[in-house]
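Okay, protein_20.txt now, which holds compact mmCIF, C-alpha atoms and all ligand atoms:
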# COMPACT_ATOMS: atom_id res chain seq x y z
CA MET A 1 0.00 0.00 0.00
CA ARG A 2 1.30 3.43 -0.97
CA GLU A 3 1.26 6.02 1.79
CA CYS A 4 1.47 9.79 1.79
CA LYS A 5 4.99 10.57 2.93
CA ALA A 6 3.80 13.66 4.76
CA CYS A 7 0.87 12.33 6.81
CA GLY A 8 0.93 8.55 6.26
CA SER A 9 -2.59 8.36 4.76
CA PRO A 10 -3.15 5.73 2.06
CA LEU A 11 -2.76 6.99 -1.51
CA SER A 12 -4.92 5.68 -4.30
CA GLY A 13 -4.46 6.00 -8.04
CA ASP A 14 -2.58 4.69 -11.02
CA PRO A 15 0.87 3.37 -10.01
CA MET A 16 2.33 4.60 -13.33
CA VAL A 17 1.55 8.31 -12.91
CA SER A 18 4.17 10.90 -11.99
CA SER A 19 2.52 12.06 -8.75
CA TRP A 20 -0.41 11.62 -6.40
CA LYS A 21 -2.08 14.32 -4.37
CA CYS A 22 -2.97 13.26 -0.84
CA GLU A 23 -6.71 13.68 -0.16
CA PHE A 24 -6.09 14.42 3.49
CA CYS A 25 -3.13 16.78 3.76
CA LYS A 26 -3.03 17.89 0.08
CA THR A 27 0.68 17.09 -0.23
CA VAL A 28 1.84 16.21 -3.74
CA ASN A 29 3.67 12.88 -3.54
CA TYR A 30 6.04 12.37 -6.46
CA ASN A 31 6.34 8.85 -7.76
CA GLN A 32 10.00 7.83 -7.54
CA GLU A 33 9.28 4.87 -9.77
CA TYR A 34 8.28 7.30 -12.51
CA ILE A 35 11.97 8.08 -13.09
CA LYS A 36 12.67 4.40 -13.75
CA LEU A 37 9.52 3.94 -15.83
CA TYR A 38 10.44 6.98 -17.89
CA ALA A 39 13.93 5.61 -18.54
CA LYS A 40 12.46 2.27 -19.58
CA ASN A 41 9.67 3.61 -21.81
CA ILE A 42 11.57 6.33 -23.64
CA ASP A 43 10.98 6.27 -27.41
CA PHE A 44 14.40 5.22 -28.61
CA SER A 45 13.56 5.48 -32.28
CA LYS A 46 13.50 9.24 -31.83
CA THR A 47 16.47 9.61 -29.52
CA HIS A 48 20.18 9.49 -29.40
CA ASN A 49 21.83 6.06 -29.19
CA LEU A 50 23.97 7.34 -26.36
CA LEU A 51 20.90 8.32 -24.35
CA GLN A 52 19.80 4.70 -24.55
CA VAL A 53 23.14 3.53 -23.13
CA GLY A 54 22.99 6.22 -20.44
CA MET A 55 19.48 5.21 -19.38
CA ALA A 56 20.50 1.54 -19.23
CA SER A 57 23.47 2.42 -17.01
CA TYR A 58 21.19 4.52 -14.81
CA GLU A 59 18.75 1.63 -14.46
CA GLY A 60 21.67 -0.65 -13.60
CA GLN A 61 22.66 1.89 -10.90
CA ASP A 62 26.04 2.50 -12.54
CA TYR A 63 25.70 6.21 -11.85
CA GLN A 64 29.26 7.20 -12.71
CA LYS A 65 29.10 5.60 -16.14
CA ALA A 66 25.62 7.04 -16.72
CA LEU A 67 26.75 10.53 -15.67
CA ASP A 68 29.74 10.41 -18.03
CA ILE A 69 27.40 9.50 -20.89
CA PHE A 70 24.79 12.16 -20.07
CA GLU A 71 27.50 14.82 -19.84
CA LYS A 72 28.87 13.72 -23.19
CA ILE A 73 25.39 14.03 -24.75
CA LEU A 74 24.98 17.51 -23.24
CA PHE A 75 28.35 18.58 -24.56
CA GLU A 76 27.07 17.85 -28.05
CA ASN A 77 23.46 18.88 -27.54
CA SER A 78 22.57 21.10 -24.61
CA ALA A 79 18.85 21.01 -25.53
CA CYS A 80 18.38 17.43 -24.29
CA GLN A 81 16.22 17.88 -21.22
CA ASP A 82 16.21 14.19 -20.29
CA ALA A 83 20.01 14.20 -20.10
CA TRP A 84 20.01 17.26 -17.78
CA VAL A 85 17.51 15.64 -15.39
CA TYR A 86 19.25 12.26 -15.31
CA ALA A 87 22.67 13.91 -14.95
CA ALA A 88 21.32 15.73 -11.86
CA LEU A 89 19.98 12.43 -10.47
CA CYS A 90 23.31 10.64 -11.05
CA THR A 91 25.18 13.52 -9.39
CA ALA A 92 22.93 13.24 -6.34
CA TYR A 93 23.44 9.47 -6.07
CA LEU A 94 27.22 9.92 -6.35
CA ALA A 95 27.32 12.57 -3.59
CA ASP A 96 29.31 11.67 -0.49
CA LEU A 97 31.36 13.45 2.17
CA SER A 98 34.29 13.93 -0.21
CA ASN A 99 32.34 15.89 -2.84
CA LEU A 100 29.11 16.97 -1.20
CA GLU A 101 29.35 20.73 -1.65
CA LYS A 102 30.38 20.40 -5.28
CA SER A 103 27.72 17.75 -6.00
CA ALA A 104 24.92 19.82 -4.49
CA LYS A 105 25.87 22.83 -6.63
CA LYS A 106 26.25 20.70 -9.73
CA ALA A 107 22.89 18.92 -9.32
CA ASP A 108 21.26 22.31 -8.77
CA SER A 109 22.71 23.77 -11.94
CA TYR A 110 21.69 20.70 -14.00
CA LEU A 111 18.12 20.91 -12.73
CA ALA A 112 18.05 24.63 -13.50
CA LYS A 113 19.10 23.92 -17.09
CA ALA A 114 16.37 21.28 -17.43
CA ARG A 115 13.79 23.71 -16.02
CA GLU A 116 14.90 26.43 -18.44
CA LEU A 117 14.17 24.16 -21.40
CA ASN A 118 10.64 23.37 -20.21
CA PRO A 119 9.43 24.74 -16.86
CA ASP A 120 6.23 22.65 -16.92
CA SER A 121 7.90 19.32 -17.51
CA VAL A 122 6.61 16.52 -15.28
CA LEU A 123 10.00 14.79 -15.53
CA VAL A 124 11.68 17.90 -14.10
CA SER A 125 9.25 18.01 -11.14
CA VAL A 126 9.73 14.34 -10.28
CA GLY A 127 13.48 14.53 -10.98
CA ASN A 128 13.74 17.56 -8.71
CA SER A 129 11.91 15.78 -5.88
CA VAL A 130 14.05 12.62 -6.11
CA THR A 131 17.28 14.64 -6.42
CA ARG A 132 16.35 16.72 -3.32
CA ASN A 133 15.64 13.64 -1.25
CA VAL A 134 18.76 11.74 -2.35
CA LEU A 135 20.97 14.80 -1.78
CA GLY A 136 19.08 15.52 1.45
CA LYS A 137 20.03 12.10 2.84
CA ALA A 138 23.73 12.71 2.10
CA LEU A 139 23.48 16.24 3.55
CA LEU A 140 21.75 14.98 6.70
CA LYS A 141 24.55 12.47 7.22
CA ALA A 142 27.17 15.21 6.80
CA ILE A 143 25.29 17.64 9.08
CA LYS A 144 25.00 14.98 11.80
CA ARG A 145 28.68 14.15 11.49
CA SER A 146 29.76 17.80 11.75
CA CYS A 147 27.50 18.40 14.76
CA GLU A 148 28.92 15.29 16.45
CA MET A 149 32.48 16.39 15.67
CA ALA A 150 31.68 19.84 17.08
CA GLU A 151 30.57 18.28 20.35
CA LYS A 152 33.55 15.89 20.51
CA ASN A 153 36.03 18.68 19.82
CA TYR A 154 34.41 20.83 22.44
CA PHE A 155 34.69 18.14 25.13
CA ALA A 156 38.26 17.24 24.11
CA TYR A 157 39.54 20.78 24.68
CA GLU A 158 37.04 22.05 27.26
CA SER A 159 39.17 21.39 30.36
CA ILE A 160 42.48 22.39 28.72
CA ASP A 161 41.59 25.58 26.89
CA LYS A 162 38.02 26.79 26.82
CA SER A 163 38.41 29.42 24.10
CA HIS A 164 40.14 26.87 21.85
CA ALA A 165 37.30 24.43 22.55
CA ILE A 166 34.74 27.03 21.50
CA LYS A 167 36.74 27.85 18.36
CA LYS A 168 37.01 24.18 17.38
CA ARG A 169 33.27 23.72 17.89
CA SER A 170 32.47 26.79 15.79
CA GLN A 171 34.65 25.54 12.93
CA GLU A 172 32.78 22.23 12.74
CA LEU A 173 29.37 23.86 13.13
CA GLU A 174 30.12 26.24 10.29
CA ILE A 175 30.54 23.21 8.01
CA ALA A 176 27.22 21.84 9.27
CA TYR A 177 25.56 25.20 8.57
CA LEU A 178 26.97 25.29 5.06
CA TYR A 179 25.38 21.91 4.29
CA ALA A 180 22.19 22.96 6.04
CA THR A 181 22.01 26.05 3.83
CA TYR A 182 21.89 23.81 0.75
CA ALA A 183 19.36 21.48 2.29
CA LEU A 184 17.06 24.16 3.70
CA ASP A 185 17.08 26.41 0.63
CA ASN A 186 15.52 23.58 -1.34
CA PRO A 187 14.20 21.24 1.32
CA PRO A 188 13.67 17.55 0.57
CA ASP A 189 9.90 16.92 0.38
CA ASP A 190 10.29 13.78 2.48
CA PRO A 191 9.68 14.89 6.10
CA GLU A 192 11.77 11.97 7.34
CA ILE A 193 14.78 13.73 5.79
CA SER A 194 13.89 17.42 6.18
CA GLY A 195 12.58 16.94 9.76
CA PRO A 196 15.82 15.45 11.16
CA ILE A 197 17.84 18.14 9.33
CA ALA A 198 15.75 20.81 11.08
CA VAL A 199 16.23 19.03 14.43
CA GLU A 200 20.03 18.86 14.01
CA ILE A 201 20.22 22.56 13.22
CA LEU A 202 17.91 23.62 16.05
CA ARG A 203 19.86 21.61 18.61
CA SER A 204 23.11 23.31 17.60
CA VAL A 205 21.49 26.75 17.85
CA ASP A 206 22.44 26.73 21.55
CA ALA A 207 26.06 27.20 20.52
CA GLY A 208 25.01 30.71 19.60
CA ILE A 209 26.59 30.94 16.14
CA CYS A 210 23.77 29.59 13.98
CA PRO A 211 22.70 32.11 11.32
CA ILE A 212 19.18 33.29 12.13
CA HIS A 213 17.78 32.40 8.69
CA LEU A 214 18.72 28.74 9.23
CA LYS A 215 16.95 28.77 12.57
CA ASN A 216 13.81 30.27 10.99
CA LYS A 217 13.81 27.84 8.07
CA SER A 218 14.26 24.88 10.41
CA GLU A 219 11.34 26.07 12.52
CA ASN A 220 9.23 26.54 9.37
CA ILE A 221 9.89 22.94 8.36
CA LEU A 222 8.85 21.65 11.78
CA ASN A 223 5.75 23.87 11.74
CA HIS A 224 4.79 22.52 8.34
CA ILE A 225 5.20 18.94 9.60
CA LYS A 226 3.02 19.90 12.58
CA THR A 227 0.15 20.85 10.27
CA VAL A 228 0.20 17.59 8.29
CA ASN A 229 1.48 14.98 10.75
CA ILE A 230 1.20 15.90 14.42
CA SER A 231 2.48 12.57 15.73
CA TYR A 232 5.70 12.74 13.68
CA TYR A 233 6.06 16.36 14.78
CA GLU A 234 5.86 15.27 18.42
CA GLN A 235 8.45 12.58 17.76
CA LEU A 236 10.81 15.22 16.35
CA GLN A 237 10.17 17.52 19.32
CA LEU A 238 11.06 14.63 21.63
CA GLN A 239 14.32 14.10 19.73
CA LEU A 240 15.03 17.80 19.98
CA ARG A 241 14.50 17.83 23.75
CA SER A 242 16.34 14.60 24.52
CA SER A 243 19.36 15.49 22.40
CA LYS A 244 19.43 18.96 23.96
CA SER A 245 19.87 17.54 27.43
CA LYS A 246 22.82 15.47 26.20
CA THR A 247 24.77 18.23 24.47
CA GLY A 248 27.83 19.94 25.79
CA TYR A 249 26.23 23.34 25.43
CA SER A 250 23.57 22.70 28.03
CA SER A 251 25.97 20.88 30.33
CA PHE A 252 28.20 23.92 29.96
CA ILE A 253 25.33 26.18 30.98
CA GLY A 254 24.46 23.71 33.75
CA SER A 255 27.99 23.72 35.15
CA SER A 256 28.14 27.53 34.97
CA VAL A 257 24.92 27.76 36.99
CA LYS A 258 26.36 25.28 39.54
CA CYS A 259 29.55 27.38 39.86
CA LEU A 260 27.49 30.52 40.37
CA VAL A 261 25.34 28.91 43.09
CA ILE A 262 28.42 27.55 44.92
CA GLY A 263 30.04 31.00 44.63
CA ILE A 264 27.00 32.71 46.15
CA ILE A 265 26.86 30.18 49.03
CA VAL A 266 30.59 30.62 49.78
CA TYR A 267 30.11 34.41 49.67
CA ILE A 268 27.15 34.29 52.11
CA VAL A 269 29.02 31.96 54.52
CA LEU A 270 32.11 34.21 54.47
CA GLN A 271 30.01 37.36 55.02
CA THR A 272 28.19 35.66 57.92
CA LEU A 273 31.52 34.63 59.48
CA ILE A 274 32.87 38.18 59.12
CA ILE A 275 29.75 39.60 60.81
CA LEU A 276 29.93 36.96 63.59
CA PHE A 277 33.61 37.75 64.20
CA ALA A 278 32.76 41.44 64.30
CA ILE A 279 29.99 40.76 66.90
CA PHE A 280 32.31 38.57 69.06
CA ASP A 281 35.03 41.23 68.72
CA GLY A 282 32.48 43.75 70.03
CA PHE A 283 31.88 41.58 73.19
CA ASP A 284 35.59 41.63 74.09
ZN ZN B 301 -1.03 13.32 3.25

Is it possible to give me this structure as structure tokens?
Ligand SMILES: [Zn+2]
Amino acid sequence: MRECKACGSPLSGDPMVSSWKCEFCKTVNYNQEYIKLYAKNIDFSKTHNLLQVGMASYEGQDYQKALDIFEKILFENSACQDAWVYAALCTAYLADLSNLEKSAKKADSYLAKARELNPDSVLVSVGNSVTRNVLGKALLKAIKRSCEMAEKNYFAYESIDKSHAIKKRSQELEIAYLYATYALDNPPDDPEISGPIAVEILRSVDAGICPIHLKNKSENILNHIKTVNISYYEQLQLQLRSSKSKTGYSSFIGSSVKCLVIGIIVYIVLQTLIILFAIFDGFD
């Protein structure tokens, strides 16, 4: 049974179409299978031989080979919309930590070219959705890793040199925010990818260096999820709260408060002793 990825309601309709609109939350659910069906059913009598080879490589998940072929086609004929869309998809599937920033930019520019050729193309809409979600997964992984590294670095240097610890944490978080900028500017339409990205960003906001627009966009994503799927929203809020209590930032705040309280107590005790001594001195 197909389910709406936003609210989980069952989706009915032809399995071969490019998208289904959810009757309950009105979300447009793009059919990922459409990309494969399109590659399979393309009219090869009218197209380039190379496109045929490229599509076969794509179907066989040999994304590097497919990308090389699509780029070759585009070098010769930049009006081939199919090649732009599939080149963007291949680029997204090939994205990993070593090339993420470059891949995100490249996939974006390929999709933009495809859109320029025909803004109303169904293939472009579905291709855009799949590319966003595939890239979003890689970005989420990278954001999580950078946030984890930020925390680890902070703890490693915290007791030795606090300002160095803060600097190290900021450096890692800046990388996370760079990836988040890509992800949040064109958010994946799958809430199970965009939601956790928003949670990661919001939990690092405590470090105090998160750009305000990222905070707002993350909150917008969570608010949108709240309107279509309240139970998933509550799950994300729970993650946000539980991870918050584990982070170094809050334990830092916690330990500062403890120090302050101990300081005040010591101060009061000393003042009391001074007054008592003064009173006993007065008796002598
Ligand atoms: Zn729905």

- Query: Given a cut-off of 9 Å, what residues near ligand ZN 301 (chain B) show up using all atoms listed in the file, put as number ranges by chain?
  - Reply: A: 3-11, 21-29, 228-229

So that I can see what lies close to Asn153 in chain A, please list as a PDB file with C-alpha atoms, in the frame of the given file the residues with an atom at most 8 Å from it, counting all atoms listed in the file and leaving out residues fewer than 4 positions away in the same chain.
ATOM      1  CA  MET A 149      32.480  16.390  15.670  1.00  0.00           C
ATOM      2  CA  TYR A 157      39.540  20.780  24.680  1.00  0.00           C
ATOM      3  CA  ALA A 165      37.300  24.430  22.550  1.00  0.00           C
ATOM      4  CA  LYS A 168      37.010  24.180  17.380  1.00  0.00           C
ATOM      5  CA  ARG A 169      33.270  23.720  17.890  1.00  0.00           C
TER       6      ARG A 169
END

Near Ala92 in chain A, counting only C-alpha atoms, which residues have an atom at most 10 Å away, once you skip same-chain residues fewer than 4 positions from it, shown as a PDB file with C-alpha atoms, in the frame of the given file?
ATOM      1  CA  TYR A  63      25.700   6.210 -11.850  1.00  0.00           C
ATOM      2  CA  TYR A  86      19.250  12.260 -15.310  1.00  0.00           C
ATOM      3  CA  ALA A  87      22.670  13.910 -14.950  1.00  0.00           C
ATOM      4  CA  ALA A  88      21.320  15.730 -11.860  1.00  0.00           C
ATOM      5  CA  ASP A  96      29.310  11.670  -0.490  1.00  0.00           C
ATOM      6  CA  LEU A 100      29.110  16.970  -1.200  1.00  0.00           C
ATOM      7  CA  SER A 103      27.720  17.750  -6.000  1.00  0.00           C
ATOM      8  CA  ALA A 104      24.920  19.820  -4.490  1.00  0.00           C
ATOM      9  CA  LYS A 106      26.250  20.700  -9.730  1.00  0.00           C
ATOM     10  CA  ALA A 107      22.890  18.920  -9.320  1.00  0.00           C
ATOM     11  CA  ASP A 108      21.260  22.310  -8.770  1.00  0.00           C
ATOM     12  CA  VAL A 130      14.050  12.620  -6.110  1.00  0.00           C
ATOM     13  CA  THR A 131      17.280  14.640  -6.420  1.00  0.00           C
ATOM     14  CA  ARG A 132      16.350  16.720  -3.320  1.00  0.00           C
ATOM     15  CA  ASN A 133      15.640  13.640  -1.250  1.00  0.00           C
ATOM     16  CA  VAL A 134      18.760  11.740  -2.350  1.00  0.00           C
ATOM     17  CA  LEU A 135      20.970  14.800  -1.780  1.00  0.00           C
ATOM     18  CA  GLY A 136      19.080  15.520   1.450  1.00  0.00           C
ATOM     19  CA  LYS A 137      20.030  12.100   2.840  1.00  0.00           C
ATOM     20  CA  ALA A 138      23.730  12.710   2.100  1.00  0.00           C
TER      21      ALA A 138
END

Residues of range 172-248 of chain A within 12 Å of range 116-128 of chain A: nearest atom pair and distance (Å, one decimal) for each, counting all atoms listed in the file, sorted by chain and number, as JSON lines?
{"residue": "A:Asn186", "atom": "CA", "partner": "A:Asn128", "partner_atom": "CA", "distance": 9.7}
{"residue": "A:Pro187", "atom": "CA", "partner": "A:Asn128", "partner_atom": "CA", "distance": 10.7}
{"residue": "A:Pro188", "atom": "CA", "partner": "A:Asn128", "partner_atom": "CA", "distance": 9.3}
{"residue": "A:Asp189", "atom": "CA", "partner": "A:Asn128", "partner_atom": "CA", "distance": 9.9}

Take the residues just selected and output them with C-alpha atoms as an mmCIF file, keeping the file's coordinate frame.
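Ended up saving to out.cif:
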data_model
loop_
_atom_site.group_PDB
_atom_site.id
_atom_site.type_symbol
_atom_site.label_atom_id
_atom_site.label_comp_id
_atom_site.auth_asym_id
_atom_site.auth_seq_id
_atom_site.Cartn_x
_atom_site.Cartn_y
_atom_site.Cartn_z
ATOM 1 C CA ASN A 186 15.520 23.580 -1.340
ATOM 2 C CA PRO A 187 14.200 21.240 1.320
ATOM 3 C CA PRO A 188 13.670 17.550 0.570
ATOM 4 C CA ASP A 189 9.900 16.920 0.380
#

- Name the residues, using the chain letters and numbers of the file, that sit within 7 Å of (19.9, 28.5, 7.3) when counting all atoms listed in the file, and give them as a VMD selection string. chain A and resid 177 180 to 181 184 211 to 215 217

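Distance-wise, CA of Leu94 in chain A and CA of Glu76 in chain A end up 23.1 Å apart.
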
- For CA of Ile230 in chain A and CA of Pro191 in chain A, the interatomic separation in Å (one decimal):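 The value is 11.9 Å.
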
- Task: Counting all atoms listed in the file, select every polymer residue within 10 Å of (32.9, 23.1, 13.2) as defined in the file's coordinates, and provide the selection as a list in words.
- Result: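 Protein, DNA and RNA residues close to (32.9, 23.1, 13.2): Ser146, Cys147, Glu148, Met149, Ala150, Glu151, Asn153, Tyr154, Ile166, Lys167, Lys168, Arg169, Ser170, Gln171, Glu172, Leu173, Glu174, Ile175, Ala176 and Tyr177 of chain A.
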
- Item | Nearest candidate to Tyr30 in chain A (options A:Asp190, A:Phe70, A:Val205, A:Lys113; using all atoms listed in the file) |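 Nearest to Tyr30 in chain A: A:Asp190.
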
- Item | Point-to-point distance in Å for CA of Lys144 in chain A and CA of His164 in chain A |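 Atom-to-atom, CA of His164 in chain A and CA of Lys144 in chain A are spaced 21.7 Å apart.
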
- Query: From the list A:Val53, A:Ala278, A:Ile160, A:Ile143, which residue is nearest Pro196 in chain A when using only C-alpha atoms?
  - Reply: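 Nearest candidate to Pro196 in chain A out of A:Val53, A:Ala278, A:Ile160, A:Ile143: A:Ile143.
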
- Residue contacts of Asp62 in chain A (12 Å, all atoms listed in the file) excluding same-chain residues fewer than 3 positions away, as number ranges by chain: A: 53-59, 65-69, 89-91, 93-94

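Nearest residue to Leu51 in chain A among A:Gln32, A:Ser204, A:Gln81, A:Gln64 is A:Gln81, counting all atoms listed in the file.
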